[in-house]
$ cat upload33.txt   # compact mmCIF, C-alpha atoms
# COMPACT_ATOMS: atom_id res chain seq x y z
CA MET O 1 111.10 118.28 36.64
CA ILE O 2 109.77 117.70 40.15
CA PRO O 3 109.72 114.05 41.13
CA ASP O 4 106.77 112.46 42.97
CA MET O 5 106.32 114.98 45.77
CA TYR O 6 105.15 112.61 48.50
CA LEU O 7 107.98 110.12 48.29
CA SER O 8 110.65 112.70 47.55
CA LEU O 9 109.76 114.92 50.49
CA ASP O 10 110.26 111.93 52.78
CA MET O 11 113.52 111.08 51.07
CA LEU O 12 114.67 114.70 51.30
CA ILE O 13 114.18 114.79 55.07
CA VAL O 14 116.35 111.67 55.47
CA LEU O 15 118.98 112.87 52.95
CA ASN O 16 119.28 116.27 54.61
CA ALA O 17 119.46 114.64 58.06
CA LEU O 18 122.34 112.48 56.80
CA ALA O 19 124.02 115.54 55.28
CA PHE O 20 123.70 117.45 58.60
CA SER O 21 125.04 114.43 60.49
CA SER O 22 128.01 114.25 58.10
CA ILE O 23 128.80 117.89 58.90
CA PHE O 24 128.79 117.06 62.62
CA TYR O 25 130.94 113.99 61.97
CA VAL O 26 133.54 115.83 59.89
CA ILE O 27 133.79 118.72 62.38
CA HIS O 28 134.09 116.27 65.27
CA LEU O 29 136.76 114.29 63.40
CA VAL O 30 138.88 117.43 63.07
CA ILE O 31 138.21 118.99 66.47
CA VAL O 32 137.86 116.05 68.87
CA ARG O 33 141.61 115.32 69.03
CA PHE O 34 142.20 118.81 70.45
CA LEU O 35 139.47 118.64 73.08
CA PRO O 36 140.13 117.64 76.69
CA PRO O 37 138.36 114.32 77.44
CA GLU O 38 137.31 115.68 80.85
CA LYS O 39 134.97 118.08 79.07
CA ILE O 40 132.90 115.23 77.66
CA TYR O 41 129.70 116.78 79.06
CA ILE O 42 130.28 120.09 77.28
CA TRP O 43 131.77 119.63 73.83
CA PRO O 44 129.19 117.26 72.24
CA ILE O 45 126.50 119.86 72.98
CA MET O 46 128.65 122.73 71.68
CA LEU O 47 129.60 120.75 68.60
CA TYR O 48 125.95 119.86 68.03
CA VAL O 49 124.91 123.52 68.24
CA ALA O 50 127.78 124.61 65.95
CA SER O 51 127.07 121.98 63.31
CA SER O 52 123.31 122.73 63.48
CA VAL O 53 124.00 126.41 62.77
CA ILE O 54 126.40 125.52 59.93
CA SER O 55 123.86 123.01 58.55
CA ILE O 56 121.05 125.57 58.55
CA LEU O 57 123.29 128.15 56.91
CA ILE O 58 124.35 125.67 54.24
CA TYR O 59 120.82 124.29 53.83
CA PHE O 60 119.32 127.33 52.22
CA PRO O 61 121.91 128.21 49.59
CA PHE O 62 123.36 124.75 48.98
CA PHE O 63 121.50 121.67 50.21
CA ARG O 64 118.19 123.00 49.01
CA TYR O 65 119.51 122.99 45.45
CA ILE O 66 121.52 119.82 45.38
CA THR O 67 118.70 117.94 47.08
CA ILE O 68 116.09 119.61 44.85
CA ALA O 69 114.22 120.88 47.91
CA ALA O 70 114.19 124.31 46.28
CA TYR O 71 111.53 123.11 43.83
CA TYR O 72 109.04 122.82 46.66
CA PRO O 73 106.99 125.61 48.22
CA LEU O 74 108.57 127.41 51.20
CA PHE O 75 106.25 125.60 53.64
CA ALA O 76 107.48 122.22 52.35
CA GLN O 77 111.09 123.41 52.52
CA LEU O 78 110.59 124.33 56.18
CA ILE O 79 109.06 120.90 56.87
CA ILE O 80 112.13 119.30 55.26
CA LEU O 81 114.46 121.46 57.38
CA ILE O 82 112.60 120.82 60.67
CA GLY O 83 112.22 117.09 59.96
CA ALA O 84 115.89 116.81 59.01
CA LEU O 85 116.96 118.66 62.16
CA ILE O 86 114.88 116.35 64.38
CA LEU O 87 116.27 113.25 62.68
CA TYR O 88 119.82 114.62 62.79
CA THR O 89 119.47 115.32 66.54
CA LEU O 90 118.44 111.70 67.14
CA ILE O 91 121.28 110.33 64.98
CA ILE O 92 123.90 112.49 66.73
CA GLY O 93 122.43 111.53 70.11
CA VAL O 94 122.87 107.84 69.32
CA TYR O 95 126.39 108.39 67.96
CA VAL O 96 127.56 110.26 71.07
CA LEU O 97 125.81 107.78 73.36
CA VAL O 98 127.32 104.73 71.64
CA VAL O 99 130.80 105.99 70.78
CA PHE O 100 131.60 108.21 73.75
CA GLY O 101 129.22 106.69 76.30
CA ALA O 102 129.34 102.97 75.60
CA LEU O 103 132.70 102.56 73.86
CA LEU O 104 135.28 105.25 74.46
CA GLU O 105 135.14 107.77 77.27
CA SER O 106 132.83 106.47 79.99
CA ALA O 107 132.90 102.74 79.34
CA ILE O 108 134.27 100.91 82.35
CA ARG O 109 133.95 97.52 80.62
CA ILE O 110 135.96 98.68 77.61
CA ARG O 111 138.67 100.04 79.90
CA LEU O 112 138.75 96.69 81.72
CA LEU O 113 138.92 94.87 78.39
CA ALA O 114 141.92 97.06 77.44
CA VAL O 115 143.65 96.37 80.77
CA ILE O 116 143.14 92.61 80.35
CA ALA O 117 144.17 92.68 76.66
CA ASN O 118 147.35 94.62 77.49
CA ALA O 119 148.29 92.06 80.14
CA GLY O 120 149.02 89.60 77.31
CA TYR O 121 149.16 85.83 77.57
CA LYS O 122 150.14 85.84 81.25
CA GLY O 123 146.79 87.31 82.11
CA ILE O 124 145.98 89.54 85.05
CA THR O 125 144.26 88.91 88.37
CA ALA O 126 141.40 90.94 89.83
CA ALA O 127 143.70 92.15 92.61
CA GLN O 128 146.24 93.44 90.05
CA ILE O 129 143.50 95.24 88.12
CA LEU O 130 142.14 96.81 91.30
CA LYS O 131 145.59 98.19 92.18
CA THR O 132 145.37 100.68 89.31
CA TYR O 133 141.69 100.77 88.39
CA ASN O 134 139.24 100.81 91.28
CA THR O 135 136.31 102.69 92.82
CA ASP O 136 138.66 105.46 93.90
CA THR O 137 140.05 106.14 90.42
CA ILE O 138 136.70 105.67 88.66
CA ILE O 139 134.80 108.04 90.95
CA ARG O 140 137.64 110.57 91.11
CA LYS O 141 137.66 110.72 87.31
CA ARG O 142 133.90 111.29 87.14
CA ILE O 143 133.91 113.96 89.83
CA ASN O 144 136.71 115.70 87.91
CA ARG O 145 134.71 115.56 84.64
CA MET O 146 131.70 117.10 86.35
CA LEU O 147 133.87 119.78 88.02
CA VAL O 148 135.62 120.72 84.76
CA SER O 149 132.26 120.80 82.94
CA GLY O 150 130.84 123.08 85.63
CA ILE O 151 128.03 120.67 86.54
CA ILE O 152 129.18 120.47 90.16
CA ALA O 153 131.24 122.80 92.32
CA GLY O 154 133.24 122.36 95.50
CA SER O 155 136.24 120.53 96.83
CA ASP O 156 137.05 117.26 98.64
CA LYS O 157 135.15 118.54 101.65
CA SER O 158 131.87 119.09 99.90
CA TYR O 159 130.39 119.05 96.42
CA MET O 160 127.14 120.54 95.22
CA ILE O 161 125.24 120.96 91.96
CA LYS O 162 126.29 124.09 90.10
CA LYS O 163 124.13 123.77 87.03
CA ASN O 164 121.52 121.30 85.85
CA SER O 165 122.60 118.60 83.45
CA LEU O 166 119.74 117.26 81.37
CA PRO O 167 121.80 114.35 79.91
CA LEU O 168 122.78 113.12 83.39
CA TYR O 169 119.26 113.60 84.70
CA PHE O 170 117.78 111.71 81.76
CA ASN O 171 120.47 109.04 81.92
CA GLY O 172 119.90 108.46 85.65
CA TYR O 173 116.12 108.32 85.55
CA ALA O 174 115.89 106.31 82.30
CA VAL O 175 117.94 103.52 83.88
CA ILE O 176 116.02 103.70 87.20
CA ILE O 177 112.60 103.53 85.47
CA LEU O 178 113.62 100.72 83.09
CA ASN O 179 115.23 98.81 85.94
CA ARG O 180 111.93 98.94 87.86
CA LEU O 181 109.93 97.90 84.79
CA TYR O 182 112.23 94.99 83.97
CA HIS O 183 112.23 93.65 87.51
CA LYS O 184 108.54 94.01 88.18
CA SER O 185 106.53 90.88 88.73
CA TRP O 186 103.19 91.12 86.94
CA THR O 187 101.74 87.99 88.50
CA MET S 1 102.93 112.75 60.20
CA LEU S 2 100.76 109.73 60.91
CA ASP S 3 103.71 107.54 59.92
CA ILE S 4 105.80 108.94 62.76
CA PHE S 5 102.95 108.39 65.23
CA VAL S 6 102.59 104.79 63.99
CA SER S 7 106.34 104.15 64.35
CA ILE S 8 106.42 105.51 67.90
CA THR S 9 103.31 103.47 68.82
CA ILE S 10 104.85 100.27 67.42
CA PHE S 11 108.08 101.01 69.27
CA LEU S 12 106.15 101.42 72.56
CA LEU S 13 104.20 98.20 71.92
CA VAL S 14 107.40 96.25 71.16
CA ALA S 15 109.15 97.66 74.26
CA GLY S 16 106.09 96.86 76.41
CA ALA S 17 105.85 93.33 75.00
CA HIS S 18 109.55 92.74 75.67
CA ILE S 19 109.18 93.90 79.28
CA LEU S 20 106.11 91.67 79.82
CA ILE S 21 107.65 88.57 78.26
CA HIS S 22 111.00 89.14 79.95
CA ASN S 23 109.35 89.43 83.35
CA ALA S 24 107.08 86.45 82.77
CA ALA S 25 109.92 84.25 81.49
CA ALA S 26 112.80 85.49 83.56
CA SER S 27 113.79 83.54 86.58
CA GLY S 28 116.38 85.73 88.20
CA ARG S 29 118.64 87.89 86.10
CA ILE S 30 118.26 86.90 82.49
CA TYR S 31 118.06 89.74 80.11
CA LEU S 32 117.61 87.80 76.87
CA PRO S 33 119.98 90.09 74.94
CA ARG S 34 119.37 88.20 71.72
CA SER S 35 115.62 88.35 72.16
CA ILE S 36 115.59 92.14 72.36
CA PHE S 37 117.18 92.38 68.91
CA LEU S 38 114.68 89.85 67.59
CA PHE S 39 111.83 91.84 69.12
CA PHE S 40 112.90 95.14 67.63
CA ILE S 41 113.74 93.66 64.21
CA SER S 42 110.27 92.04 64.12
CA GLY S 43 108.80 95.37 65.25
CA GLY S 44 110.68 97.08 62.41
CA LEU S 45 109.18 94.68 59.86
CA LEU S 46 105.71 95.17 61.34
CA ASN S 47 106.28 98.92 61.24
CA TRP S 48 107.25 98.82 57.56
CA MET S 49 104.17 96.68 56.70
CA VAL S 50 101.79 98.99 58.59
CA LEU S 51 103.33 102.11 57.00
CA ASN S 52 102.82 100.61 53.56
CA THR S 53 99.15 99.91 54.20
CA LEU S 54 98.17 103.35 55.54
CA PRO S 55 95.58 105.14 53.36
CA ARG S 56 97.27 108.03 51.53
CA LEU S 57 94.85 109.71 49.18
CA GLY S 58 91.52 111.48 49.38
CA HIS S 59 92.37 113.94 52.16
CA SER S 60 92.47 117.69 52.14
CA GLY S 61 93.48 120.51 54.52
CA TRP S 62 94.85 119.43 57.90
CA ALA S 63 93.91 115.80 57.22
CA ALA S 64 96.19 115.85 54.18
CA LEU S 65 99.04 117.19 56.33
CA LEU S 66 98.37 114.52 58.96
CA MET S 67 98.30 111.75 56.37
CA TYR S 68 101.38 113.05 54.57
CA PRO S 69 103.47 109.94 53.85
CA LEU S 70 106.84 109.91 55.62
CA PRO S 71 107.60 106.16 55.77
CA LEU S 72 111.37 106.48 55.45
CA THR S 73 111.61 109.21 58.10
CA ALA S 74 109.35 107.19 60.41
CA THR S 75 111.47 104.06 59.89
CA VAL S 76 114.70 105.92 60.71
CA ILE S 77 113.04 107.31 63.86
CA TYR S 78 111.96 103.76 64.83
CA VAL S 79 115.52 102.43 64.35
CA VAL S 80 117.16 105.27 66.29
CA ILE S 81 114.82 105.16 69.29
CA SER S 82 115.10 101.37 69.35
CA VAL S 83 118.92 101.60 69.55
CA ILE S 84 118.64 104.09 72.42
CA TYR S 85 116.13 101.82 74.18
CA ILE S 86 118.32 98.71 73.75
CA LEU S 87 121.32 100.56 75.21
CA TYR S 88 119.40 101.82 78.24
CA SER S 89 117.45 98.62 78.89
CA GLY S 90 120.71 96.64 78.93
CA SER S 91 122.12 98.95 81.61
CA ALA S 92 118.85 98.83 83.53
CA VAL S 93 118.52 95.05 83.56
CA TYR S 94 122.11 94.50 84.61
CA GLY S 95 121.77 97.23 87.25
CA ASP S 96 124.54 99.24 85.59
CA TYR S 97 123.77 102.69 86.82
CA SER S 98 126.08 105.23 85.25
CA PRO S 99 128.36 106.32 88.13
CA SER S 100 128.17 109.95 86.94
CA ALA S 101 124.37 109.89 86.82
CA LYS S 102 124.26 108.23 90.25
CA ILE S 103 126.53 110.92 91.73
CA TYR S 104 124.50 113.64 90.03
CA LEU S 105 121.13 112.34 91.27
CA TYR S 106 122.55 111.86 94.78
CA LEU S 107 123.70 115.48 94.84
CA VAL S 108 120.34 116.65 93.47
CA LYS S 109 118.60 114.77 96.31
CA ARG S 110 121.03 115.62 99.13
CA GLY S 111 122.20 119.07 98.11
CA ARG S 112 125.78 118.45 99.25
CA ALA S 113 128.11 115.50 99.73
CA THR S 114 131.80 114.91 100.41
CA GLU S 115 134.01 112.82 98.14
CA LYS S 116 134.06 110.14 100.83
CA GLU S 117 130.26 109.99 100.91
CA LEU S 118 130.12 109.77 97.12
CA LYS S 119 132.65 106.94 97.03
CA LYS S 120 130.59 105.06 99.62
CA LEU S 121 127.78 104.80 97.04
CA PHE S 122 129.95 102.40 95.03
CA SER S 123 132.10 99.34 95.55
CA ASP S 124 134.86 97.56 93.63
CA THR S 125 132.50 94.62 93.23
CA GLU S 126 129.83 96.75 91.58
CA LEU S 127 132.14 98.81 89.40
CA VAL S 128 134.88 96.36 88.51
CA THR S 129 134.29 92.71 89.47
CA ASN S 130 130.70 92.50 88.16
CA ARG S 131 131.74 94.10 84.90
CA ILE S 132 134.62 91.63 84.45
CA ASN S 133 132.08 88.85 85.04
CA ASP S 134 129.84 90.37 82.37
CA LEU S 135 132.83 90.39 79.96
CA ILE S 136 133.35 86.69 80.76
CA HIS S 137 129.63 86.02 80.25
CA MET S 138 129.73 87.81 76.87
CA GLY S 139 132.75 85.75 75.82
CA PHE S 140 135.22 88.65 75.58
CA VAL S 141 137.31 87.47 78.52
CA GLY S 142 138.32 84.04 79.80
CA ARG S 143 139.52 82.93 83.21
CA LYS S 144 142.21 80.45 84.24
CA SER S 145 142.47 79.99 88.02
CA ASP S 146 142.81 83.62 89.26
CA ALA S 147 143.96 85.24 86.03
CA TYR S 148 141.82 86.85 83.35
CA PHE S 149 142.71 86.55 79.66
CA VAL S 150 141.28 88.26 76.66
CA SER S 151 139.56 85.88 74.21
CA THR S 152 139.90 86.08 70.42
CA LYS S 153 136.51 87.79 70.26
CA GLY S 154 137.58 90.23 72.97
CA LYS S 155 140.90 90.94 71.24
CA PHE S 156 139.02 91.65 68.00
CA LEU S 157 136.68 94.11 69.75
CA TYR S 158 139.61 95.76 71.53
CA ILE S 159 141.54 96.20 68.24
CA LEU S 160 138.46 97.67 66.51
CA ILE S 161 137.95 100.17 69.32
CA GLU S 162 141.67 101.07 69.34
CA ILE S 163 141.63 101.69 65.59
CA TYR S 164 138.59 103.94 65.90
CA ARG S 165 140.09 105.72 68.90
CA ARG S 166 143.22 106.49 66.83
CA ILE S 167 141.18 107.66 63.84
CA ILE S 168 139.31 110.23 65.90
CA GLY S 169 142.34 110.98 68.09
CA TRP S 170 140.64 110.26 71.42
CA ARG S 171 143.01 109.68 74.31
CA SER S 172 141.01 108.77 77.36
CA SER S 173 138.77 105.92 78.48
CA GLY S 174 136.88 104.58 81.46
$ encode --input "upload33.txt" --output "structure tokens"
Amino acid sequence: MIPDMYLSLDMLIVLNALAFSSIFYVIHLVIVRFLPPEKIYIWPIMLYVASSVISILIYFPFFRYITIAAYYPLFAQLIILIGALILYTLIIGVYVLVVFGALLESAIRIRLLAVIANAGYKGITAAQILKTYNTDTIIRKRINRMLVSGIIAGSDKSYMIKKNSLPLYFNGYAVIILNRLYHKSWT
Amino acid sequence: MLDIFVSITIFLLVAGAHILIHNAAASGRIYLPRSIFLFFISGGLLNWMVLNTLPRLGHSGWAALLMYPLPLTATVIYVVISVIYILYSGSAVYGDYSPSAKIYLYLVKRGRATEKELKKLFSDTELVTNRINDLIHMGFVGRKSDAYFVSTKGKFLYILIEIYRRIIGWRSSG
């Protein structure tokens, strides 16, 4: 029996998107521990592509049946697949942005919180923090990440762009545009 | 399909309203972090109400495809883009440019730059001191004379992040 088509189609898109996201999550849970943190700009994209391919391959013989999508005409099944892929892309984007951008790999505040927490009850002064964690170390680390990921090339003497990075481009301009909007006086 | 269009429109209206009210109310550097959640939660409720009142029947052909009800999908899209917006607007209001993005855009503009030139774009105050002050402002860190201490709230957040870091086996940070 086919349930109410309208509501179910909507539900199927969301369910499949969650199933695809779970595939990404499980793969990342297994693989991430073996990946070099410096390659943070490369592996989320590779993992996303790999789990998308696996999801599409699994979708037709497996998900379609367990999520009753197979009862629908092929056109509807394609809509479910495309909708689920779009939703899954957004969910993975937020996960990578929050977990690896805002909390784990590139979060300066979280690193500072760890440094202060590890100092214990004696506390730590700004000068002591700056001895080990400062502009030099922060920028060096980021240049290294971009070098390892092949985004930039060069040495201490001179760096240049080697290949375009859409995430960095988007990240940079999104903050610049929002910063202008939020500091604009409308009066 | 119309549901998705409605969700994106409501998201844009909520974001626009937040920018307008923030700029009208803000004297100096207040971001109203609580207000942004309130705005987007209210927007989510409005979104759900509008999606439930859209006309659904009596269409055929392309109109039927356009009016195809996808309220759940549209709601998830609204939530996800709102989270992305909240993350970026926070960085934008506090002037927290991602150092990597700043380096990247500088190199795009200039073509070439030495490590020394790149480091000159930043300062310890911008990268470290201001961020410690933000942690104090958010209640994660306290200060006694010159020394910084982690607060109970900060310790809790730190432990949560450490647990998650161990679960996924991630080694690096910052």
$ closest_residue --input "upload33.txt" --among "S:Ile84, S:Leu118, S:Val14, S:Met67" --to "Ile138 (chain O)" --atoms "all atoms listed in the file"
S:Leu118
$ axis_aligned_box --input "upload33.txt" --around "region 97-114 of chain S" --padding-each-side "3 Å" --output "AutoDock Vina command-line options"
--center_x 125.2 --center_y 110.9 --center_z 92.8 --size_x 19.2 --size_y 22.4 --size_z 21.2
$ interface_residues --input "upload33.txt" --of "chain S" --to "chain O" --cutoff "6 Å" --atoms "only C-alpha atoms" --output "list in words"
Ile19, Leu70, Thr73, Ala92, Val93, Ser100, Ala101, Gly111, Arg112, Ala113, Thr114, Glu115, Asp124, Arg131, Asp146, Ala147, Tyr148, Phe149, Val150, Ile168, Gly169, Trp170, Ser172, Ser173 and Gly174 of chain S
$ residues_near_point --input "upload33.txt" --point "(131.4, 123.3, 71.8)" --cutoff "12 Å" --atoms "only C-alpha atoms" --output "VMD selection string"
chain O and resid 24 27 to 28 31 to 32 34 to 36 39 to 52 149
$ residues_around --input "upload33.txt" --residues "region 53-60 of chain O" --least-positions-apart "6" --cutoff "9 Å" --atoms "all atoms listed in the file" --output "JSON list (two decimals) with C-alpha atoms, in the coordinates of the input"
[["chain", "number", "residue", "atom", "x", "y", "z"],
["O", 16, "ASN", "CA", 119.28, 116.27, 54.61],
["O", 19, "ALA", "CA", 124.02, 115.54, 55.28],
["O", 20, "PHE", "CA", 123.70, 117.45, 58.60],
["O", 21, "SER", "CA", 125.04, 114.43, 60.49],
["O", 23, "ILE", "CA", 128.80, 117.89, 58.90],
["O", 24, "PHE", "CA", 128.79, 117.06, 62.62],
["O", 70, "ALA", "CA", 114.19, 124.31, 46.28],
["O", 81, "LEU", "CA", 114.46, 121.46, 57.38],
["O", 85, "LEU", "CA", 116.96, 118.66, 62.16]]
$ decode --input "upload33.txt" --residues "region 136-166 of chain S" --atoms "N, CA and C atoms" --output "PDB file, in the first residue's frame"
ATOM      1  N   ILE S 136      35.915  35.609  28.174  1.00  0.00           N
ATOM      2  CA  ILE S 136      35.525  36.194  29.468  1.00  0.00           C
ATOM      3  C   ILE S 136      34.090  36.709  29.373  1.00  0.00           C
ATOM      4  N   HIS S 137      33.816  37.429  28.265  1.00  0.00           N
ATOM      5  CA  HIS S 137      32.491  38.005  28.043  1.00  0.00           C
ATOM      6  C   HIS S 137      31.412  36.916  27.989  1.00  0.00           C
ATOM      7  N   MET S 138      31.764  35.762  27.425  1.00  0.00           N
ATOM      8  CA  MET S 138      30.792  34.659  27.298  1.00  0.00           C
ATOM      9  C   MET S 138      30.688  33.833  28.576  1.00  0.00           C
ATOM     10  N   GLY S 139      31.547  34.151  29.555  1.00  0.00           N
ATOM     11  CA  GLY S 139      31.483  33.460  30.844  1.00  0.00           C
ATOM     12  C   GLY S 139      32.231  32.137  30.898  1.00  0.00           C
ATOM     13  N   PHE S 140      33.078  31.869  29.909  1.00  0.00           N
ATOM     14  CA  PHE S 140      33.838  30.613  29.915  1.00  0.00           C
ATOM     15  C   PHE S 140      35.156  30.754  30.681  1.00  0.00           C
ATOM     16  N   VAL S 141      35.597  31.986  30.806  1.00  0.00           N
ATOM     17  CA  VAL S 141      36.887  32.252  31.463  1.00  0.00           C
ATOM     18  C   VAL S 141      36.706  33.397  32.456  1.00  0.00           C
ATOM     19  N   GLY S 142      37.425  33.302  33.592  1.00  0.00           N
ATOM     20  CA  GLY S 142      37.410  34.390  34.555  1.00  0.00           C
ATOM     21  C   GLY S 142      38.804  34.995  34.673  1.00  0.00           C
ATOM     22  N   ARG S 143      38.893  36.136  35.342  1.00  0.00           N
ATOM     23  CA  ARG S 143      40.205  36.777  35.469  1.00  0.00           C
ATOM     24  C   ARG S 143      40.410  37.254  36.898  1.00  0.00           C
ATOM     25  N   LYS S 144      41.590  36.919  37.457  1.00  0.00           N
ATOM     26  CA  LYS S 144      41.968  37.433  38.772  1.00  0.00           C
ATOM     27  C   LYS S 144      43.328  38.071  38.617  1.00  0.00           C
ATOM     28  N   SER S 145      43.407  39.363  38.869  1.00  0.00           N
ATOM     29  CA  SER S 145      44.579  40.201  38.562  1.00  0.00           C
ATOM     30  C   SER S 145      45.039  39.905  37.133  1.00  0.00           C
ATOM     31  N   ASP S 146      46.230  39.310  36.940  1.00  0.00           N
ATOM     32  CA  ASP S 146      46.725  39.080  35.575  1.00  0.00           C
ATOM     33  C   ASP S 146      46.390  37.697  35.034  1.00  0.00           C
ATOM     34  N   ALA S 147      45.939  36.812  35.932  1.00  0.00           N
ATOM     35  CA  ALA S 147      45.780  35.409  35.518  1.00  0.00           C
ATOM     36  C   ALA S 147      44.364  35.082  35.052  1.00  0.00           C
ATOM     37  N   TYR S 148      44.299  34.223  34.052  1.00  0.00           N
ATOM     38  CA  TYR S 148      43.003  33.758  33.542  1.00  0.00           C
ATOM     39  C   TYR S 148      42.712  32.368  34.094  1.00  0.00           C
ATOM     40  N   PHE S 149      41.447  32.158  34.473  1.00  0.00           N
ATOM     41  CA  PHE S 149      41.002  30.858  34.991  1.00  0.00           C
ATOM     42  C   PHE S 149      39.807  30.396  34.175  1.00  0.00           C
ATOM     43  N   VAL S 150      39.687  29.079  34.070  1.00  0.00           N
ATOM     44  CA  VAL S 150      38.509  28.573  33.380  1.00  0.00           C
ATOM     45  C   VAL S 150      37.350  28.533  34.378  1.00  0.00           C
ATOM     46  N   SER S 151      36.160  28.934  33.936  1.00  0.00           N
ATOM     47  CA  SER S 151      34.984  28.902  34.821  1.00  0.00           C
ATOM     48  C   SER S 151      34.362  27.505  34.761  1.00  0.00           C
ATOM     49  N   THR S 152      33.359  27.260  35.589  1.00  0.00           N
ATOM     50  CA  THR S 152      32.689  25.948  35.575  1.00  0.00           C
ATOM     51  C   THR S 152      32.068  25.700  34.196  1.00  0.00           C
ATOM     52  N   LYS S 153      31.436  26.749  33.669  1.00  0.00           N
ATOM     53  CA  LYS S 153      30.817  26.647  32.344  1.00  0.00           C
ATOM     54  C   LYS S 153      31.874  26.328  31.273  1.00  0.00           C
ATOM     55  N   GLY S 154      33.024  27.006  31.388  1.00  0.00           N
ATOM     56  CA  GLY S 154      34.112  26.798  30.440  1.00  0.00           C
ATOM     57  C   GLY S 154      34.690  25.392  30.545  1.00  0.00           C
ATOM     58  N   LYS S 155      34.822  24.918  31.809  1.00  0.00           N
ATOM     59  CA  LYS S 155      35.361  23.578  32.041  1.00  0.00           C
ATOM     60  C   LYS S 155      34.422  22.535  31.416  1.00  0.00           C
ATOM     61  N   PHE S 156      33.123  22.772  31.579  1.00  0.00           N
ATOM     62  CA  PHE S 156      32.119  21.856  31.043  1.00  0.00           C
ATOM     63  C   PHE S 156      32.233  21.780  29.510  1.00  0.00           C
ATOM     64  N   LEU S 157      32.331  22.965  28.877  1.00  0.00           N
ATOM     65  CA  LEU S 157      32.463  23.004  27.416  1.00  0.00           C
ATOM     66  C   LEU S 157      33.744  22.299  26.981  1.00  0.00           C
ATOM     67  N   TYR S 158      34.836  22.577  27.702  1.00  0.00           N
ATOM     68  CA  TYR S 158      36.128  21.981  27.367  1.00  0.00           C
ATOM     69  C   TYR S 158      36.061  20.452  27.467  1.00  0.00           C
ATOM     70  N   ILE S 159      35.430  19.942  28.533  1.00  0.00           N
ATOM     71  CA  ILE S 159      35.315  18.483  28.709  1.00  0.00           C
ATOM     72  C   ILE S 159      34.473  17.875  27.577  1.00  0.00           C
ATOM     73  N   LEU S 160      33.374  18.538  27.241  1.00  0.00           N
ATOM     74  CA  LEU S 160      32.517  18.038  26.145  1.00  0.00           C
ATOM     75  C   LEU S 160      33.305  17.927  24.838  1.00  0.00           C
ATOM     76  N   ILE S 161      34.058  18.998  24.546  1.00  0.00           N
ATOM     77  CA  ILE S 161      34.828  19.013  23.296  1.00  0.00           C
ATOM     78  C   ILE S 161      35.915  17.930  23.329  1.00  0.00           C
ATOM     79  N   GLU S 162      36.560  17.759  24.498  1.00  0.00           N
ATOM     80  CA  GLU S 162      37.602  16.734  24.631  1.00  0.00           C
ATOM     81  C   GLU S 162      37.024  15.336  24.415  1.00  0.00           C
ATOM     82  N   ILE S 163      35.844  15.102  24.988  1.00  0.00           N
ATOM     83  CA  ILE S 163      35.205  13.783  24.820  1.00  0.00           C
ATOM     84  C   ILE S 163      34.934  13.533  23.332  1.00  0.00           C
ATOM     85  N   TYR S 164      34.375  14.549  22.680  1.00  0.00           N
ATOM     86  CA  TYR S 164      34.053  14.366  21.256  1.00  0.00           C
ATOM     87  C   TYR S 164      35.333  14.189  20.428  1.00  0.00           C
ATOM     88  N   ARG S 165      36.357  14.950  20.790  1.00  0.00           N
ATOM     89  CA  ARG S 165      37.629  14.848  20.076  1.00  0.00           C
ATOM     90  C   ARG S 165      38.166  13.404  20.190  1.00  0.00           C
ATOM     91  N   ARG S 166      38.053  12.816  21.385  1.00  0.00           N
ATOM     92  CA  ARG S 166      38.546  11.450  21.574  1.00  0.00           C
ATOM     93  C   ARG S 166      37.691  10.435  20.811  1.00  0.00           C
TER      94      ARG S 166
END
